[in-house]
Structures are given as C-alpha cells and as structure tokens.
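Below is one structure; the comments refer to it alone.
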Amino acid sequence: MMMMQQLSETNIQKNSLFTAMNRFLGAVNNMDQTVMVPSLLRDVPLDEDRELSAMKADLDEGDMYGYYQLLKSIRTDMEWGVRCATASERREESMKLSRMNSTTSTYSSISSESSSSSYEEEEEEEEDEDLEKQFQYHLTGLQGVLSKLTQQADSLTKRYKKEIGIGGCGQ
C-alpha cells in the first residue's frame, strides 16, 4: 500500500508547477554554463532549428543570441520577480488600476442598492468558481509554456554545441 502511494505521489509531483519551474531553471542554467561565448550566437538564425524557429515571430531579433537573452531574462524574472517597471510605466499602470477600481466601486454600489442579499451570495459563489476556473486555466497554460521554454533552452544548448563542434554533435 505504501509503495502504491509513493508511486502516485511521484506521478502527481511530475506534473506540478514546481517541477516545471525547476526543469526550466535547470535547462537555462545548463544553457548558461554551456554557452561560454554568447556573442557567437549573434547572427545565427533560428530557422535551422525547428523548435527554436517557432519562437522567431515573438522576437525582435531573429537570431539565437536574442533568444538566449530572452530565456535568461525569463529565468531572472522567475527567480527575482518581474523586472521593475520604469517610473512612467508604474504611473500609467497605477492610473489604469485606479480607473478600474472607481468604475468597479461605482458599479458595485449601484448593484448593491438594487439587488437582494441572496443574489449577492449567488454572485460571490460564481466569482469563487470563476477564480478557480481562471486559476486552473492559467496554471495549465503556465505549465505548458514552461515545458516549451525548457525544450527550447535544451535545443539552444545543443545547437550551440553543434555550432562550436563539441558534445557528440562534433564536426
């Protein structure tokens, strides 16, 4: 019985967010340790690698160096939190939030005056269900993105080794 429980826990852990994050961080750390001269990645197109070329549309630069920088930036954001925005970006975001909050509070004061308490309870339950659905949706999406980014960090590492002629891909 105990062995069965350990096996099922291992399968569950394999699909956890923490596992996906650790795999990604490990792949980027491996990439970072392998790529000793990042400037060699400049002007090396992503086109030759099927997994990396899928990301070409998302990058301003269509070379491996740009993608290397992107992966490292994502790793930094995961380890230290999202980069600090500039003062003007923070002000703009703050203004958007205050506008949204004032609209929401106006709407909620109008709705609270015109609705019964049972309606509010149903609405709160729906909001809780929506939060759970939103969480599940975003968690699934985050795990999928982390999985793809992990594969792409591994592909970039292999491609770098191939470009410089080491690691079983020798020329």
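Every chain in the structure tokens has a letter given in the order shown (A, B, ...), and although residue numbers restart at 1 in each chain, ligands are simply numbered from 1 in the order shown.
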Residues at most 12 Å from range 145-154 of chain A, counting only C-alpha atoms, excluding those fewer than 6 positions away in the same chain, as number ranges by chain?
-> A: 14-35, 46, 49-56, 64-65, 67-72, 74-75, 78, 138-139, 160-161
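CA of Thr140 in chain A is positioned 20.1 Å from CA of Gly81 in chain A.
What separates CA of Thr157 in chain A from CA of Met36 in chain A is a distance of 10.8 Å.
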Between CA of Ser155 in chain A and CA of Ser39 in chain A, what is the spacing in Å?
-> 17.4 Å
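For the set A:Gly165, A:Pro38, A:Gly141, A:Pro45, the residue with the smallest atom-to-atom gap to Gly62 in chain A is A:Pro45, counting only C-alpha atoms.
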